[in-house]
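Here is the structure we will look at.
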Amino acid sequence: MYPAGFKLYRPASLEEALKLLDGFGEEAKILAGGQSLIPLMRLRLVKPSYIIYLGGIDELRTIAVDDGMVSLGALTTHREIAESRVVAEEAPLLREAASVIGDVQIRSMGTIGGSVAHADPAMDYGAVLAAMDGEVVVASVKGVRIVRFEDFILGPFTTRLEPSEMIVKIRIPRHGNWLTAYEKFAVRPGDLAVAGIAVAIRLEDGIIAEARIGVTGAGEKPFRAYNAEEALVGAEPGDAEAYKRAADEVYKECRDAPSDERASSWYRREIAKSLTVKALRRALDGA
Amino acid sequence: MATGNGGAEKTRVRVTVNGRLVEAEVPVNMLFVHFLREVADVKSVHVGCDTSHCGACTVVLNGRAVKSCTLFAFMADGGEVLTLEGLRGSDGGLHPLQEAFHEEHALQCGFCTPGIIMTLYDYFGRGGDASEEGLRRALEGNLCRCTGYVNILRAARRAAARLRIPRKGLGV
Ligand SMILES: Cc1cc2nc3c(=O)[nH]c(=O)nc-3n(C[C@H](O)[C@H](O)[C@H](O)COP(=O)(O)OP(=O)(O)OC[C@H]3O[C@@H](n4cnc5c(N)ncnc54)[C@H](O)[C@@H]3O)c2cc1C
Ligand code: FES
Ligand code: FES
């Protein structure tokens, strides 16, 4: 179906975009890659009066490494992230998540800013940004603020973003020297995750000194599984009992896993549990 | 015209379609797929669904496969698009992908074929290999209701051989 009509704005700079947002508030919708918004508009589930298209703002298309962080402009596409050398070296978990989002056509257009703003509880970036304590850089005419990813997302499709604000950057701590894996399970290829698990492990003297586990799809929003992380500290790579303890903790922490047409709550929890073991095995294989 | 958008604001869109500049004032809510079919008269680009899943509308925009049904026409403004009509072999005849689809009988109704070929064009163009896994992953966003995919994969491998693409990746 044809989306309903709207009034179009195409700001050429961030400053111009923020002014427009300040003027329109809730009646305006930001359009980035369109891969979530346009499907909703085609079904006329969303009918914004004003559209502010960000495509012309080149300053939002950057990948940079600074003070321990990899920083991605909001308009960086999933495909650019999946194909970036810098991301592969400095933020390998992000590269893995980006490369399994939807299908290649969706990845050509969809952006990281749009994905985080849309806040689908099964977004692939969710597990990674939760695990590594990623940050969302938000701007309005009043200035810039930085919000921790897990705090930014409030629940399914809801965030802390004010109507006059937009996401300008996503930042994630560099983790090129951690052992990492992102495991996703979907019913059909190209679908959103039933569950997805990101793990990152730092070894010291052959022992797990620090563990990070992020979960997507199996909660009201993506989250960090702290108890599961703790279950791993002090264990050696290859310790199957420790992997199982962590997986059991993940199962417990997924108590809010939703039931919907893709999967029941119980099924999501079981999948999250087995993906935890799978991800740990892959991350720590041969370590 | 299946538009039903009388009264919508208009905007000027200029796109190079298969090497030809197409410029028009179109409604802001016109989808790129309709721009291609109705304004640029490129009819290989099909609409097979309402949910951005089928890939029948796939075209290569600025070097990357996209679903033209999930783009407003104005988002392609200033861009270059390649559709099935723009493919050519080195001798000016059929492209190796088109030849291979013909030879392997990789289509029945043919509705999905242009989208599948454009997806593979992007995939091979960017160094994708002819491994089973690589090809299956490349085609995740394209549905075929007729063939069961077996002949499509055969055709992709035959085209790859002709395009001198390795069976297994070089680890790039
Ligand atoms: C067939 C299909 C399969 C998919 N599969 C997956 C999958 O497996 N995993 C996955 O994670 N995702 C999946 N997606 C969603 C995809 O990742 C989207 O690209 C992404 O969610 C939205 O990014 P976008 O740039 O396209 O945003 P848009 O669609 O342009 O916008 C989405 C929302 O975010 C807002 N927005 C966009 N940019 C900003 C910004 N900078 N600041 C503030 N608000 C902003 C918009 O107003 C809108 O509300 C799929 C989508 C489709 C259609
Ligand atoms: S028409 Fe089905 S994905 Fe575009
Ligand atoms: S040949 Fe009929 S849909 Fe593919």
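Convention: chains lettered A, B, ... in structure tokens order; per-chain residue numbering from 1; ligands numbered from 1 as shown.
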
Got a sec: who's within 12 Å of region 58-63 of chain B, counting only C-alpha atoms, leaving out chain neighbours fewer than 6 positions off, as number ranges by chain? A: 103-106, 108-109; B: 15-18, 32-33, 36-37, 42-48, 52, 69-71, 73, 75-87, 111-126, 139, 141-143

Counting only C-alpha atoms and all ligand atoms, which protein, DNA or RNA residues come within 7 Å of ligand 1, given as an NGL selection string?
(:A and (29-39 or 74-75 or 100-103 or 106-107 or 109-115 or 117-118 or 122-125 or 165-168 or 190-193)) or (:B and (51-53))

Next, the residues of the selection above should be written as a tab-separated table (two decimals), in the first residue's frame with C-alpha atoms.
chain	number	residue	atom	x	y	z
A	29	LYS	CA	9.16	11.73	12.44
A	30	ILE	CA	12.82	11.39	11.69
A	31	LEU	CA	13.59	9.23	8.64
A	32	ALA	CA	17.02	7.59	8.43
A	33	GLY	CA	17.34	4.37	6.38
A	34	GLY	CA	13.59	3.80	6.41
A	35	GLN	CA	13.84	0.05	7.04
A	36	SER	CA	11.56	0.14	10.08
A	37	LEU	CA	9.59	3.34	9.45
A	38	ILE	CA	8.63	2.75	5.80
A	39	PRO	CA	7.19	-0.76	6.40
A	74	ALA	CA	23.84	7.62	13.63
A	75	LEU	CA	23.55	7.22	9.85
A	100	VAL	CA	23.31	-10.89	10.71
A	101	ILE	CA	20.65	-8.15	10.71
A	102	GLY	CA	17.79	-9.02	8.34
A	103	ASP	CA	19.14	-9.57	4.85
A	106	ILE	CA	17.99	-4.29	4.66
A	107	ARG	CA	21.63	-3.91	5.75
A	109	MET	CA	19.91	0.93	4.00
A	110	GLY	CA	19.24	0.40	7.73
A	111	THR	CA	21.27	2.49	10.18
A	112	ILE	CA	22.55	1.95	13.70
A	113	GLY	CA	20.88	5.15	14.92
A	114	GLY	CA	17.56	4.03	13.48
A	115	SER	CA	17.88	0.59	15.02
A	117	ALA	CA	15.80	4.64	18.20
A	118	HIS	CA	13.29	2.02	17.02
A	122	ALA	CA	15.00	-8.23	19.57
A	123	MET	CA	17.40	-5.83	17.80
A	124	ASP	CA	20.70	-7.53	17.13
A	125	TYR	CA	22.80	-4.58	18.31
A	165	GLU	CA	16.00	15.16	20.42
A	166	MET	CA	17.76	12.88	18.00
A	167	ILE	CA	20.53	10.29	18.19
A	168	VAL	CA	23.77	11.56	16.69
A	190	GLY	CA	16.51	-12.91	7.85
A	191	ASP	CA	14.02	-12.80	10.72
A	192	LEU	CA	14.38	-10.96	14.00
A	193	ALA	CA	15.99	-13.01	16.73
B	51	THR	CA	6.13	-6.20	4.26
B	52	SER	CA	9.65	-5.75	2.80
B	53	HIS	CA	10.29	-9.48	2.81

Q.
Set the cut-off to 7 Å and count only C-alpha atoms: what are the residues of chain B that reach chain A? Output as a list in words.
A. Thr3, Asn5, Ala8, Glu9, Val28, Asn29, Asp50, Thr51, Ser52, Arg64, Ala65, Val66, Lys67, Thr70, Leu71, Ala138, Glu140 and Gly141 of chain B

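Our summary of the geometry notes that CA of Leu72 (chain A) is positioned 24.7 Å from CA of Ala225 (chain A).
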
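One distance worth recording is that between CA of Lys10 (chain B) and CA of Cys57 (chain B), which is 23.1 Å.
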
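We find CA of Phe152 (chain A) and CA of Ser49 (chain A) to be spaced 25.9 Å apart.
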
DSSP on the backbone, then: every residue of region 19-263 of chain A marked helix (DSSP H, G or I), written as a PDB file with C-alpha atoms, in the first residue's frame.
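This is the output file part-v8.pdb:
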ATOM      1  CA  LYS A  19      15.960  23.344  14.733  1.00  0.00           C
ATOM      2  CA  LEU A  20      13.262  21.571  12.745  1.00  0.00           C
ATOM      3  CA  LEU A  21      12.810  18.981  15.494  1.00  0.00           C
ATOM      4  CA  ASP A  22      12.549  21.715  18.087  1.00  0.00           C
ATOM      5  CA  GLY A  23       9.756  23.339  16.102  1.00  0.00           C
ATOM      6  CA  PHE A  24       7.665  20.250  15.341  1.00  0.00           C
ATOM      7  CA  GLY A  25       8.043  17.966  18.341  1.00  0.00           C
ATOM      8  CA  GLU A  26       5.846  14.883  18.295  1.00  0.00           C
ATOM      9  CA  GLU A  27       4.154  15.497  14.953  1.00  0.00           C
ATOM     10  CA  LEU A  37       9.595   3.337   9.448  1.00  0.00           C
ATOM     11  CA  ILE A  38       8.629   2.746   5.803  1.00  0.00           C
ATOM     12  CA  PRO A  39       7.191  -0.761   6.400  1.00  0.00           C
ATOM     13  CA  LEU A  40       5.050   0.763   9.190  1.00  0.00           C
ATOM     14  CA  MET A  41       3.986   3.652   6.936  1.00  0.00           C
ATOM     15  CA  ARG A  42       3.145   1.266   4.088  1.00  0.00           C
ATOM     16  CA  LEU A  54      18.500  12.832   7.642  1.00  0.00           C
ATOM     17  CA  GLY A  55      20.052  11.394   4.450  1.00  0.00           C
ATOM     18  CA  GLY A  56      21.697  14.679   3.477  1.00  0.00           C
ATOM     19  CA  ASP A  58      27.070  13.705   5.922  1.00  0.00           C
ATOM     20  CA  GLU A  59      28.521  14.523   9.349  1.00  0.00           C
ATOM     21  CA  LEU A  60      26.358  11.677  10.742  1.00  0.00           C
ATOM     22  CA  HIS A  78      24.526  -2.001   9.071  1.00  0.00           C
ATOM     23  CA  ARG A  79      26.441  -2.870   5.927  1.00  0.00           C
ATOM     24  CA  GLU A  80      29.102  -0.212   6.478  1.00  0.00           C
ATOM     25  CA  ILE A  81      29.553  -1.518  10.006  1.00  0.00           C
ATOM     26  CA  ALA A  82      29.739  -5.137   8.806  1.00  0.00           C
ATOM     27  CA  GLU A  83      32.312  -4.218   6.143  1.00  0.00           C
ATOM     28  CA  ARG A  85      38.025  -2.795   8.963  1.00  0.00           C
ATOM     29  CA  VAL A  86      38.194  -0.522  12.001  1.00  0.00           C
ATOM     30  CA  VAL A  87      35.031  -2.038  13.458  1.00  0.00           C
ATOM     31  CA  ALA A  88      36.295  -5.588  12.783  1.00  0.00           C
ATOM     32  CA  GLU A  89      39.496  -4.814  14.693  1.00  0.00           C
ATOM     33  CA  GLU A  90      38.243  -2.588  17.500  1.00  0.00           C
ATOM     34  CA  PRO A  92      34.318  -7.229  16.594  1.00  0.00           C
ATOM     35  CA  LEU A  93      31.021  -7.926  18.391  1.00  0.00           C
ATOM     36  CA  LEU A  94      29.381  -5.005  16.630  1.00  0.00           C
ATOM     37  CA  ARG A  95      30.606  -6.277  13.266  1.00  0.00           C
ATOM     38  CA  GLU A  96      29.152  -9.719  13.992  1.00  0.00           C
ATOM     39  CA  ALA A  97      25.771  -8.330  15.014  1.00  0.00           C
ATOM     40  CA  ALA A  98      25.595  -5.958  12.032  1.00  0.00           C
ATOM     41  CA  VAL A 104      21.696  -7.802   2.700  1.00  0.00           C
ATOM     42  CA  GLN A 105      19.160  -5.392   1.195  1.00  0.00           C
ATOM     43  CA  ILE A 106      17.995  -4.294   4.657  1.00  0.00           C
ATOM     44  CA  ARG A 107      21.629  -3.907   5.752  1.00  0.00           C
ATOM     45  CA  SER A 108      22.392  -1.679   2.734  1.00  0.00           C
ATOM     46  CA  MET A 109      19.909   0.934   3.998  1.00  0.00           C
ATOM     47  CA  ILE A 112      22.552   1.945  13.701  1.00  0.00           C
ATOM     48  CA  GLY A 113      20.879   5.146  14.920  1.00  0.00           C
ATOM     49  CA  GLY A 114      17.558   4.025  13.478  1.00  0.00           C
ATOM     50  CA  SER A 115      17.879   0.591  15.021  1.00  0.00           C
ATOM     51  CA  VAL A 116      18.546   1.976  18.513  1.00  0.00           C
ATOM     52  CA  ALA A 117      15.798   4.636  18.199  1.00  0.00           C
ATOM     53  CA  HIS A 118      13.292   2.017  17.023  1.00  0.00           C
ATOM     54  CA  ASP A 124      20.704  -7.533  17.130  1.00  0.00           C
ATOM     55  CA  TYR A 125      22.802  -4.579  18.309  1.00  0.00           C
ATOM     56  CA  GLY A 126      21.006  -4.802  21.665  1.00  0.00           C
ATOM     57  CA  ALA A 127      22.943  -7.779  23.032  1.00  0.00           C
ATOM     58  CA  VAL A 128      26.259  -6.224  22.042  1.00  0.00           C
ATOM     59  CA  LEU A 129      25.575  -2.691  23.268  1.00  0.00           C
ATOM     60  CA  ALA A 130      24.247  -4.054  26.576  1.00  0.00           C
ATOM     61  CA  ALA A 131      27.195  -6.428  27.068  1.00  0.00           C
ATOM     62  CA  PHE A 149      22.465   2.146  26.190  1.00  0.00           C
ATOM     63  CA  GLU A 150      20.718  -0.027  28.768  1.00  0.00           C
ATOM     64  CA  ASP A 151      19.202   3.051  30.432  1.00  0.00           C
ATOM     65  CA  PHE A 152      18.292   4.621  27.090  1.00  0.00           C
ATOM     66  CA  TYR A 226      25.239  -9.814  35.552  1.00  0.00           C
ATOM     67  CA  ASN A 227      24.701 -13.057  37.465  1.00  0.00           C
ATOM     68  CA  ALA A 228      25.721 -15.109  34.459  1.00  0.00           C
ATOM     69  CA  GLU A 229      28.866 -13.016  34.104  1.00  0.00           C
ATOM     70  CA  GLU A 230      29.774 -13.645  37.737  1.00  0.00           C
ATOM     71  CA  ALA A 240      31.875 -26.916  30.641  1.00  0.00           C
ATOM     72  CA  GLU A 241      30.438 -26.763  34.175  1.00  0.00           C
ATOM     73  CA  ALA A 242      31.080 -23.012  34.327  1.00  0.00           C
ATOM     74  CA  TYR A 243      29.427 -22.539  30.924  1.00  0.00           C
ATOM     75  CA  LYS A 244      26.389 -24.430  32.204  1.00  0.00           C
ATOM     76  CA  ARG A 245      26.204 -22.346  35.383  1.00  0.00           C
ATOM     77  CA  ALA A 246      26.295 -19.172  33.289  1.00  0.00           C
ATOM     78  CA  ALA A 247      23.605 -20.528  30.945  1.00  0.00           C
ATOM     79  CA  ASP A 248      21.345 -21.395  33.896  1.00  0.00           C
ATOM     80  CA  GLU A 249      21.738 -17.850  35.212  1.00  0.00           C
ATOM     81  CA  VAL A 250      20.843 -16.450  31.778  1.00  0.00           C
ATOM     82  CA  TYR A 251      17.692 -18.597  31.833  1.00  0.00           C
ATOM     83  CA  LYS A 252      16.734 -17.101  35.220  1.00  0.00           C
ATOM     84  CA  GLU A 253      17.487 -13.562  34.123  1.00  0.00           C
TER      85      GLU A 253
END

Contacts with ligand 3 at most 6 Å, only C-alpha atoms and all ligand atoms counted, listed as a PDB file with all heavy atoms, in the first residue's frame:
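Output file part_39.pdb follows:
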ATOM      1  N   LEU B 107      14.166 -20.508 -13.345  1.00  0.00           N
ATOM      2  CA  LEU B 107      12.928 -19.765 -13.083  1.00  0.00           C
ATOM      3  C   LEU B 107      11.751 -20.521 -13.654  1.00  0.00           C
ATOM      4  O   LEU B 107      11.896 -21.287 -14.600  1.00  0.00           O
ATOM      5  CB  LEU B 107      12.975 -18.365 -13.699  1.00  0.00           C
ATOM      6  CG  LEU B 107      13.271 -18.246 -15.193  1.00  0.00           C
ATOM      7  CD1 LEU B 107      12.435 -17.148 -15.794  1.00  0.00           C
ATOM      8  CD2 LEU B 107      14.746 -17.981 -15.387  1.00  0.00           C
ATOM      9  N   GLN B 108      10.602 -20.293 -13.014  1.00  0.00           N
ATOM     10  CA  GLN B 108       9.363 -20.845 -13.570  1.00  0.00           C
ATOM     11  C   GLN B 108       8.473 -19.682 -13.972  1.00  0.00           C
ATOM     12  O   GLN B 108       8.422 -19.308 -15.132  1.00  0.00           O
ATOM     13  CB  GLN B 108       8.721 -21.793 -12.578  1.00  0.00           C
ATOM     14  CG  GLN B 108       9.536 -23.100 -12.488  1.00  0.00           C
ATOM     15  CD  GLN B 108       9.032 -24.051 -11.439  1.00  0.00           C
ATOM     16  OE1 GLN B 108       7.849 -24.096 -11.140  1.00  0.00           O
ATOM     17  NE2 GLN B 108       9.937 -24.827 -10.863  1.00  0.00           N
ATOM     18  N   CYS B 109       7.833 -18.999 -12.991  1.00  0.00           N
ATOM     19  CA  CYS B 109       7.027 -17.844 -13.394  1.00  0.00           C
ATOM     20  C   CYS B 109       7.909 -16.627 -13.674  1.00  0.00           C
ATOM     21  O   CYS B 109       7.508 -15.722 -14.400  1.00  0.00           O
ATOM     22  CB  CYS B 109       5.990 -17.504 -12.330  1.00  0.00           C
ATOM     23  SG  CYS B 109       6.656 -16.641 -10.903  1.00  0.00           S
ATOM     24  N   GLY B 110       9.092 -16.579 -13.044  1.00  0.00           N
ATOM     25  CA  GLY B 110      10.026 -15.484 -13.319  1.00  0.00           C
ATOM     26  C   GLY B 110       9.802 -14.220 -12.520  1.00  0.00           C
ATOM     27  O   GLY B 110      10.546 -13.249 -12.676  1.00  0.00           O
ATOM     28  N   PHE B 111       8.799 -14.222 -11.646  1.00  0.00           N
ATOM     29  CA  PHE B 111       8.478 -12.987 -10.913  1.00  0.00           C
ATOM     30  C   PHE B 111       9.620 -12.562  -9.991  1.00  0.00           C
ATOM     31  O   PHE B 111       9.935 -11.387  -9.864  1.00  0.00           O
ATOM     32  CB  PHE B 111       7.194 -13.194 -10.096  1.00  0.00           C
ATOM     33  CG  PHE B 111       6.571 -11.900  -9.651  1.00  0.00           C
ATOM     34  CD1 PHE B 111       5.814 -11.138 -10.540  1.00  0.00           C
ATOM     35  CD2 PHE B 111       6.745 -11.438  -8.349  1.00  0.00           C
ATOM     36  CE1 PHE B 111       5.248  -9.935 -10.140  1.00  0.00           C
ATOM     37  CE2 PHE B 111       6.175 -10.237  -7.948  1.00  0.00           C
ATOM     38  CZ  PHE B 111       5.418  -9.485  -8.835  1.00  0.00           C
ATOM     39  N   CYS B 112      10.281 -13.550  -9.369  1.00  0.00           N
ATOM     40  CA  CYS B 112      11.344 -13.258  -8.404  1.00  0.00           C
ATOM     41  C   CYS B 112      12.691 -13.024  -9.074  1.00  0.00           C
ATOM     42  O   CYS B 112      13.629 -12.537  -8.450  1.00  0.00           O
ATOM     43  CB  CYS B 112      11.494 -14.426  -7.427  1.00  0.00           C
ATOM     44  SG  CYS B 112      12.144 -15.910  -8.246  1.00  0.00           S
ATOM     45  N   THR B 113      12.801 -13.433 -10.352  1.00  0.00           N
ATOM     46  CA  THR B 113      14.115 -13.547 -11.001  1.00  0.00           C
ATOM     47  C   THR B 113      14.909 -12.237 -11.080  1.00  0.00           C
ATOM     48  O   THR B 113      16.101 -12.231 -10.744  1.00  0.00           O
ATOM     49  CB  THR B 113      13.948 -14.174 -12.406  1.00  0.00           C
ATOM     50  OG1 THR B 113      13.068 -15.291 -12.303  1.00  0.00           O
ATOM     51  CG2 THR B 113      15.288 -14.621 -12.962  1.00  0.00           C
ATOM     52  N   CYS B 144      11.345 -17.155  -3.500  1.00  0.00           N
ATOM     53  CA  CYS B 144      10.850 -17.706  -4.759  1.00  0.00           C
ATOM     54  C   CYS B 144       9.750 -18.705  -4.409  1.00  0.00           C
ATOM     55  O   CYS B 144       9.976 -19.613  -3.627  1.00  0.00           O
ATOM     56  CB  CYS B 144      11.964 -18.414  -5.523  1.00  0.00           C
ATOM     57  SG  CYS B 144      11.343 -19.237  -7.006  1.00  0.00           S
ATOM     58  N   ARG B 145       8.568 -18.505  -4.993  1.00  0.00           N
ATOM     59  CA  ARG B 145       7.445 -19.392  -4.672  1.00  0.00           C
ATOM     60  C   ARG B 145       7.409 -20.623  -5.573  1.00  0.00           C
ATOM     61  O   ARG B 145       6.611 -21.516  -5.348  1.00  0.00           O
ATOM     62  CB  ARG B 145       6.120 -18.635  -4.817  1.00  0.00           C
ATOM     63  CG  ARG B 145       5.903 -17.550  -3.793  1.00  0.00           C
ATOM     64  CD  ARG B 145       5.423 -18.106  -2.471  1.00  0.00           C
ATOM     65  NE  ARG B 145       6.535 -18.391  -1.586  1.00  0.00           N
ATOM     66  CZ  ARG B 145       6.535 -18.214  -0.282  1.00  0.00           C
ATOM     67  NH1 ARG B 145       5.478 -17.744   0.334  1.00  0.00           N
ATOM     68  NH2 ARG B 145       7.573 -18.520   0.444  1.00  0.00           N
ATOM     69  N   CYS B 146       8.219 -20.647  -6.626  1.00  0.00           N
ATOM     70  CA  CYS B 146       8.091 -21.727  -7.623  1.00  0.00           C
ATOM     71  C   CYS B 146       9.202 -22.768  -7.579  1.00  0.00           C
ATOM     72  O   CYS B 146       8.936 -23.957  -7.574  1.00  0.00           O
ATOM     73  CB  CYS B 146       8.075 -21.158  -9.043  1.00  0.00           C
ATOM     74  SG  CYS B 146       6.866 -19.882  -9.353  1.00  0.00           S
ATOM     75  N   THR B 147      10.443 -22.347  -7.592  1.00  0.00           N
ATOM     76  CA  THR B 147      11.516 -23.269  -7.979  1.00  0.00           C
ATOM     77  C   THR B 147      12.045 -24.168  -6.874  1.00  0.00           C
ATOM     78  O   THR B 147      12.690 -25.166  -7.165  1.00  0.00           O
ATOM     79  CB  THR B 147      12.733 -22.486  -8.492  1.00  0.00           C
ATOM     80  OG1 THR B 147      13.271 -21.726  -7.401  1.00  0.00           O
ATOM     81  CG2 THR B 147      12.381 -21.564  -9.628  1.00  0.00           C
TER      82      THR B 147
END

message = What's around Gly286 (chain A) at 12 Å? Count only C-alpha atoms, leave out sequence neighbours fewer than 6 positions away in its own chain, and write the answer as an MDAnalysis selection string.
response = chainID A and resid 179 206 236:238 280

Of B:Val22, B:Ile152, B:Val13, B:Leu31, the one nearest to ligand 2 when counting only C-alpha atoms and all ligand atoms is B:Leu31

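Here the strand (DSSP E or B) residues in region 68-97 of chain B, by DSSP on the backbone, are Phe72, Glu80, Val81 and Leu82 of chain B.
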
Output the selection as an mmCIF file, in the first residue's frame - N, CA, C and O atoms for each residue.
data_model
loop_
_atom_site.group_PDB
_atom_site.id
_atom_site.type_symbol
_atom_site.label_atom_id
_atom_site.label_comp_id
_atom_site.auth_asym_id
_atom_site.auth_seq_id
_atom_site.Cartn_x
_atom_site.Cartn_y
_atom_site.Cartn_z
ATOM 1 N N PHE B 72 11.586 5.723 -0.192
ATOM 2 C CA PHE B 72 10.837 6.734 -0.934
ATOM 3 C C PHE B 72 11.689 7.151 -2.127
ATOM 4 O O PHE B 72 12.928 7.134 -2.054
ATOM 5 N N GLU B 80 22.589 6.544 -8.518
ATOM 6 C CA GLU B 80 22.675 5.743 -9.738
ATOM 7 C C GLU B 80 22.095 4.385 -9.451
ATOM 8 O O GLU B 80 22.481 3.736 -8.479
ATOM 9 N N VAL B 81 21.184 3.946 -10.322
ATOM 10 C CA VAL B 81 20.557 2.656 -10.070
ATOM 11 C C VAL B 81 20.742 1.732 -11.271
ATOM 12 O O VAL B 81 20.738 2.178 -12.424
ATOM 13 N N LEU B 82 20.965 0.477 -10.951
ATOM 14 C CA LEU B 82 21.090 -0.544 -11.986
ATOM 15 C C LEU B 82 19.966 -1.559 -11.771
ATOM 16 O O LEU B 82 19.760 -2.036 -10.656
#

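Using only C-alpha atoms and all ligand atoms, the shortest contact distance between ligand 2 and any of B:Leu94, B:Ala156, B:Ala130, B:Cys49 is found at B:Cys49.
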
key: Within 12 Å of region 261-263 of chain A using only C-alpha atoms, minus same-chain residues under 3 positions, as a ChimeraX atom specification   = /A:122,185-188,191-195,217-218,257-258,266-272
